Amino acid sequence: MFKSIFSALAIFAVSVSAITLPPHLPRNVNENLRRTPGQVVTSCTVPNTAALTFDDGPWVYLYDISKALVAAGAVGTFFFNGDNFGDCIYTPDQAKRVKYAYDKGHQVASHTWAHKNLTTLNWDQIHHEMWLAEEAIWKITGAYPAFVRPPYGEHNGMVIDAARVRGQTIALWDFDSRDWALGADEVKQLYTDLAKRRPSNVLTLNHEVHQHSAQVVLPHAIKVLKEAGYRLVSLAECLGQPAYTVTGPPATRDATWTCQGK
């Protein structure tokens, strides 16, 4: 199965002069992609949309986030790490969370493997961090993500090029909830103020690993954003772009579903 999907991935891969792609990356040349500049998005483009995105999972609060969104007729976008905080994406519980989010219609995307600052890495190391996370999401869901969010939002020209040759868009944000630093009441106020300002569209940054963000802030954010007239959609929908480069059946768990040695 992987051979056929890997062959499909070759349609978006490209060779770049003066650099060497790692051996796991397909090398077929796509001239349209070759001529496409690397894309970094910081905001949505479709009017009256709000994309609620969640970093650093998969984690236990994913279920609370999903249920709150689905109950409101909304979907979110989850940027998953492969091996962050010592929690391997391939464990049965973690893989179940990734598949659950995908099956519920949420967008799943890459936050790279080990949450390293990509600007401190060389070309092959950047690809390694990207590939391992993509591979895990692909095996678990059958979908190959078209979006990657660099840890800390840190990126440079080499990171942009690495995403481009993988057929991916770098996704940042235009509203940081600061749920990683602030208490629930403070974050709720930030969302209230955002809804009052009423920009044309919103691309938010949240973290699924914080209980107060998932269980206290999110219901408030959903309420005030919907009252302000936003449709709560995936990142891909708020940009009018595909969420995945390839979709197919998930893989069967085998000995490669491990974080050991990676």
# chains A, B, ... in the order shown; residues from 1 in each chain; ligands from 1
>>> residues_around(residues="Val202 (chain A)", least_positions_apart="6", cutoff="8 Å", atoms="only C-alpha atoms", output="MDAnalysis selection string")
chainID A and resid 43:44 49:51 174:175
>>> write_last_selection(atoms="N, CA and C atoms", output="PDB file, in the first residue's frame")
ATOM      1  N   SER A  43      -2.836  34.685   7.556  1.00  0.00           N
ATOM      2  CA  SER A  43      -4.237  35.032   7.772  1.00  0.00           C
ATOM      3  C   SER A  43      -5.103  34.287   6.776  1.00  0.00           C
ATOM      4  N   CYS A  44      -6.372  34.187   7.085  1.00  0.00           N
ATOM      5  CA  CYS A  44      -7.328  33.591   6.165  1.00  0.00           C
ATOM      6  C   CYS A  44      -7.604  34.560   5.021  1.00  0.00           C
ATOM      7  N   THR A  49     -14.714  34.136   7.815  1.00  0.00           N
ATOM      8  CA  THR A  49     -14.311  32.835   8.337  1.00  0.00           C
ATOM      9  C   THR A  49     -13.340  33.023   9.491  1.00  0.00           C
ATOM     10  N   ALA A  50     -13.389  32.081  10.425  1.00  0.00           N
ATOM     11  CA  ALA A  50     -12.432  32.024  11.528  1.00  0.00           C
ATOM     12  C   ALA A  50     -11.929  30.600  11.628  1.00  0.00           C
ATOM     13  N   ALA A  51     -10.617  30.443  11.590  1.00  0.00           N
ATOM     14  CA  ALA A  51      -9.997  29.127  11.715  1.00  0.00           C
ATOM     15  C   ALA A  51      -9.381  29.007  13.107  1.00  0.00           C
ATOM     16  N   ASP A 174      -2.720  35.059  12.794  1.00  0.00           N
ATOM     17  CA  ASP A 174      -2.805  36.508  13.007  1.00  0.00           C
ATOM     18  C   ASP A 174      -3.416  36.859  14.360  1.00  0.00           C
ATOM     19  N   PHE A 175      -3.762  35.822  15.141  1.00  0.00           N
ATOM     20  CA  PHE A 175      -4.255  36.038  16.501  1.00  0.00           C
ATOM     21  C   PHE A 175      -3.678  34.960  17.402  1.00  0.00           C
TER      22      PHE A 175
END
>>> select_by_dssp(residues="region 114-154 of chain A", states="helix (DSSP H, G or I)", output="PyMOL selection string")
chain A and resi 118-120+123-141+151-153
>>> write_last_selection(atoms="N, CA, C and O atoms", output="mmCIF file, in the first residue's frame")
data_model
loop_
_atom_site.group_PDB
_atom_site.id
_atom_site.type_symbol
_atom_site.label_atom_id
_atom_site.label_comp_id
_atom_site.auth_asym_id
_atom_site.auth_seq_id
_atom_site.Cartn_x
_atom_site.Cartn_y
_atom_site.Cartn_z
ATOM 1 N N LEU A 118 13.320 25.051 13.714
ATOM 2 C CA LEU A 118 13.848 24.628 12.424
ATOM 3 C C LEU A 118 14.943 25.546 11.901
ATOM 4 O O LEU A 118 15.772 25.123 11.087
ATOM 5 N N THR A 119 14.963 26.788 12.344
ATOM 6 C CA THR A 119 15.979 27.720 11.843
ATOM 7 C C THR A 119 17.362 27.401 12.382
ATOM 8 O O THR A 119 18.355 27.960 11.913
ATOM 9 N N THR A 120 17.453 26.509 13.361
ATOM 10 C CA THR A 120 18.752 26.104 13.905
ATOM 11 C C THR A 120 19.280 24.837 13.237
ATOM 12 O O THR A 120 20.367 24.365 13.579
ATOM 13 N N TRP A 123 19.682 21.580 6.166
ATOM 14 C CA TRP A 123 18.664 21.177 5.186
ATOM 15 C C TRP A 123 18.129 19.766 5.446
ATOM 16 O O TRP A 123 16.913 19.547 5.511
ATOM 17 N N ASP A 124 19.006 18.806 5.611
ATOM 18 C CA ASP A 124 18.563 17.436 5.827
ATOM 19 C C ASP A 124 17.827 17.286 7.158
ATOM 20 O O ASP A 124 16.865 16.518 7.263
ATOM 21 N N GLN A 125 18.291 17.989 8.178
ATOM 22 C CA GLN A 125 17.623 17.915 9.479
ATOM 23 C C GLN A 125 16.204 18.492 9.420
ATOM 24 O O GLN A 125 15.288 17.960 10.051
ATOM 25 N N ILE A 126 16.030 19.571 8.686
ATOM 26 C CA ILE A 126 14.697 20.155 8.519
ATOM 27 C C ILE A 126 13.761 19.147 7.864
ATOM 28 O O ILE A 126 12.638 18.910 8.330
ATOM 29 N N HIS A 127 14.230 18.531 6.770
ATOM 30 C CA HIS A 127 13.410 17.536 6.089
ATOM 31 C C HIS A 127 13.096 16.353 6.998
ATOM 32 O O HIS A 127 11.987 15.815 6.962
ATOM 33 N N HIS A 128 14.067 15.954 7.798
ATOM 34 C CA HIS A 128 13.860 14.833 8.719
ATOM 35 C C HIS A 128 12.737 15.159 9.704
ATOM 36 O O HIS A 128 11.840 14.331 9.937
ATOM 37 N N GLU A 129 12.774 16.352 10.282
ATOM 38 C CA GLU A 129 11.733 16.763 11.233
ATOM 39 C C GLU A 129 10.363 16.837 10.561
ATOM 40 O O GLU A 129 9.344 16.484 11.168
ATOM 41 N N MET A 130 10.340 17.311 9.326
ATOM 42 C CA MET A 130 9.062 17.399 8.607
ATOM 43 C C MET A 130 8.551 16.015 8.220
ATOM 44 O O MET A 130 7.389 15.673 8.450
ATOM 45 N N TRP A 131 9.443 15.227 7.636
ATOM 46 C CA TRP A 131 9.039 13.934 7.102
ATOM 47 C C TRP A 131 8.481 13.000 8.172
ATOM 48 O O TRP A 131 7.441 12.354 7.968
ATOM 49 N N LEU A 132 9.129 12.906 9.317
ATOM 50 C CA LEU A 132 8.687 11.950 10.326
ATOM 51 C C LEU A 132 7.265 12.239 10.804
ATOM 52 O O LEU A 132 6.472 11.316 11.009
ATOM 53 N N ALA A 133 6.946 13.521 10.968
ATOM 54 C CA ALA A 133 5.584 13.878 11.377
ATOM 55 C C ALA A 133 4.585 13.592 10.262
ATOM 56 O O ALA A 133 3.491 13.047 10.502
ATOM 57 N N GLU A 134 4.942 13.949 9.033
ATOM 58 C CA GLU A 134 4.054 13.697 7.897
ATOM 59 C C GLU A 134 3.804 12.198 7.740
ATOM 60 O O GLU A 134 2.666 11.756 7.494
ATOM 61 N N GLU A 135 4.865 11.426 7.861
ATOM 62 C CA GLU A 135 4.755 9.978 7.701
ATOM 63 C C GLU A 135 3.793 9.399 8.731
ATOM 64 O O GLU A 135 2.952 8.537 8.406
ATOM 65 N N ALA A 136 3.900 9.860 9.967
ATOM 66 C CA ALA A 136 3.035 9.338 11.025
ATOM 67 C C ALA A 136 1.568 9.688 10.751
ATOM 68 O O ALA A 136 0.680 8.835 10.870
ATOM 69 N N ILE A 137 1.309 10.940 10.393
ATOM 70 C CA ILE A 137 -0.068 11.359 10.103
ATOM 71 C C ILE A 137 -0.618 10.566 8.920
ATOM 72 O O ILE A 137 -1.770 10.123 8.922
ATOM 73 N N TRP A 138 0.216 10.379 7.916
ATOM 74 C CA TRP A 138 -0.168 9.637 6.725
ATOM 75 C C TRP A 138 -0.499 8.180 7.057
ATOM 76 O O TRP A 138 -1.525 7.635 6.616
ATOM 77 N N LYS A 139 0.360 7.530 7.846
ATOM 78 C CA LYS A 139 0.097 6.137 8.212
ATOM 79 C C LYS A 139 -1.188 6.012 9.025
ATOM 80 O O LYS A 139 -1.988 5.094 8.812
ATOM 81 N N ILE A 140 -1.391 6.917 9.969
ATOM 82 C CA ILE A 140 -2.519 6.812 10.898
ATOM 83 C C ILE A 140 -3.842 7.150 10.225
ATOM 84 O O ILE A 140 -4.867 6.518 10.498
ATOM 85 N N THR A 141 -3.841 8.154 9.341
ATOM 86 C CA THR A 141 -5.093 8.624 8.748
ATOM 87 C C THR A 141 -5.263 8.267 7.281
ATOM 88 O O THR A 141 -6.394 8.253 6.780
ATOM 89 N N PRO A 151 7.535 24.934 14.601
ATOM 90 C CA PRO A 151 7.490 25.247 16.024
ATOM 91 C C PRO A 151 7.910 26.688 16.303
ATOM 92 O O PRO A 151 8.844 27.207 15.677
ATOM 93 N N TYR A 152 7.198 27.330 17.213
ATOM 94 C CA TYR A 152 7.420 28.723 17.606
ATOM 95 C C TYR A 152 7.144 29.700 16.460
ATOM 96 O O TYR A 152 7.373 30.899 16.599
ATOM 97 N N GLY A 153 6.676 29.190 15.324
ATOM 98 C CA GLY A 153 6.491 30.029 14.152
ATOM 99 C C GLY A 153 7.793 30.430 13.489
ATOM 100 O O GLY A 153 7.803 31.223 12.544
#
>>> closest_residue(among="A:Gln39, A:Thr169, A:Thr245, A:Ser66", to="Phe54 (chain A)", atoms="only C-alpha atoms")
A:Ser66
>>> residues_around(residues="Pro92 (chain A)", least_positions_apart="5", cutoff="12 Å", atoms="only C-alpha atoms", output="list in words")
Pro58, Asp87, Arg97, Val98, Lys99, Tyr100, Ile140, Arg253, Asp254, Trp257 and Thr258 of chain A
>>> closest_residue(among="A:Ala72, A:Arg166, A:Leu62, A:Gly105", to="His220 (chain A)", atoms="only C-alpha atoms")
A:Ala72
>>> closest_residue(among="A:Ala162, A:Ile89, A:Ala255, A:Leu239", to="Trp113 (chain A)", atoms="only C-alpha atoms")
A:Ile89
>>> select_by_dssp(residues="region 94-245 of chain A", states="strand (DSSP E or B)", output="ChimeraX atom specification")
/A:107-110,143-145,147-148,169-171,175-176,202-207,231-233,244-245
>>> closest_residue(among="A:Ala181, A:Val41, A:Cys259, A:Ala95", to="Pro150 (chain A)", atoms="only C-alpha atoms")
A:Val41
>>> residues_around(residues="region 187-192 of chain A", least_positions_apart="5", cutoff="8 Å", atoms="only C-alpha atoms", output="ChimeraX atom specification")
/A:177-179,182,217,220-221,224-225
>>> closest_atom_pairs(of="region 221-253 of chain A", to="region 143-148 of chain A", cutoff="7 Å", atoms="only C-alpha atoms", output="Markdown table")
| residue | atom | partner | partner_atom | distance |
| --- | --- | --- | --- | --- |
| A:Ala243 | CA | A:Ala146 | CA | 5.5 |
| A:Tyr244 | CA | A:Pro145 | CA | 4.5 |
| A:Thr245 | CA | A:Ala146 | CA | 5.5 |
| A:Val246 | CA | A:Tyr144 | CA | 5.2 |
| A:Thr247 | CA | A:Ala143 | CA | 4.2 |
| A:Gly248 | CA | A:Ala143 | CA | 6.2 |
>>> closest_residue(among="A:Gln94, A:Ser213, A:Ala171, A:Arg198", to="Lys226 (chain A)", atoms="only C-alpha atoms")
A:Arg198
>>> decode(residues="region 105-117 of chain A", atoms="N, CA, C and O atoms", output="CSV table (one decimal), in the first residue's frame")
chain,number,residue,atom,x,y,z
A,105,GLY,N,-13.8,15.1,10.9
A,105,GLY,CA,-13.8,16.1,9.9
A,105,GLY,C,-12.9,17.3,10.1
A,105,GLY,O,-13.0,18.3,9.4
A,106,HIS,N,-12.2,17.2,11.2
A,106,HIS,CA,-11.2,18.3,11.5
A,106,HIS,C,-10.0,18.1,10.5
A,106,HIS,O,-9.7,17.0,10.0
A,107,GLN,N,-9.3,19.2,10.3
A,107,GLN,CA,-8.1,19.2,9.5
A,107,GLN,C,-6.9,18.8,10.4
A,107,GLN,O,-6.8,19.3,11.5
A,108,VAL,N,-6.1,17.8,9.9
A,108,VAL,CA,-4.9,17.5,10.6
A,108,VAL,C,-3.7,17.9,9.8
A,108,VAL,O,-3.7,17.8,8.6
A,109,ALA,N,-2.7,18.4,10.5
A,109,ALA,CA,-1.5,19.0,9.8
A,109,ALA,C,-0.3,18.7,10.6
A,109,ALA,O,-0.3,18.2,11.8
A,110,SER,N,0.9,19.1,10.1
A,110,SER,CA,2.2,18.8,10.7
A,110,SER,C,2.7,20.0,11.6
A,110,SER,O,2.6,21.1,11.1
A,111,HIS,N,3.1,19.7,12.8
A,111,HIS,CA,3.8,20.6,13.6
A,111,HIS,C,5.3,20.2,13.8
A,111,HIS,O,6.0,20.5,14.7
A,112,THR,N,5.7,19.3,12.9
A,112,THR,CA,7.0,18.6,12.9
A,112,THR,C,7.2,17.6,13.9
A,112,THR,O,6.3,17.4,14.8
A,113,TRP,N,8.3,16.9,13.9
A,113,TRP,CA,8.5,15.7,14.8
A,113,TRP,C,8.7,16.0,16.3
A,113,TRP,O,7.9,15.7,17.1
A,114,ALA,N,9.7,16.8,16.6
A,114,ALA,CA,10.1,16.9,18.0
A,114,ALA,C,10.1,18.4,18.5
A,114,ALA,O,10.7,18.7,19.4
A,115,HIS,N,9.4,19.2,17.8
A,115,HIS,CA,9.2,20.6,18.2
A,115,HIS,C,10.5,21.4,18.3
A,115,HIS,O,10.7,22.2,19.2
A,116,LYS,N,11.4,21.1,17.3
A,116,LYS,CA,12.7,21.8,17.3
A,116,LYS,C,12.5,23.2,16.5
A,116,LYS,O,11.7,23.3,15.6
A,117,ASN,N,13.3,24.1,16.9
A,117,ASN,CA,13.4,25.4,16.1
A,117,ASN,C,14.1,25.1,14.8
A,117,ASN,O,15.3,24.8,14.7
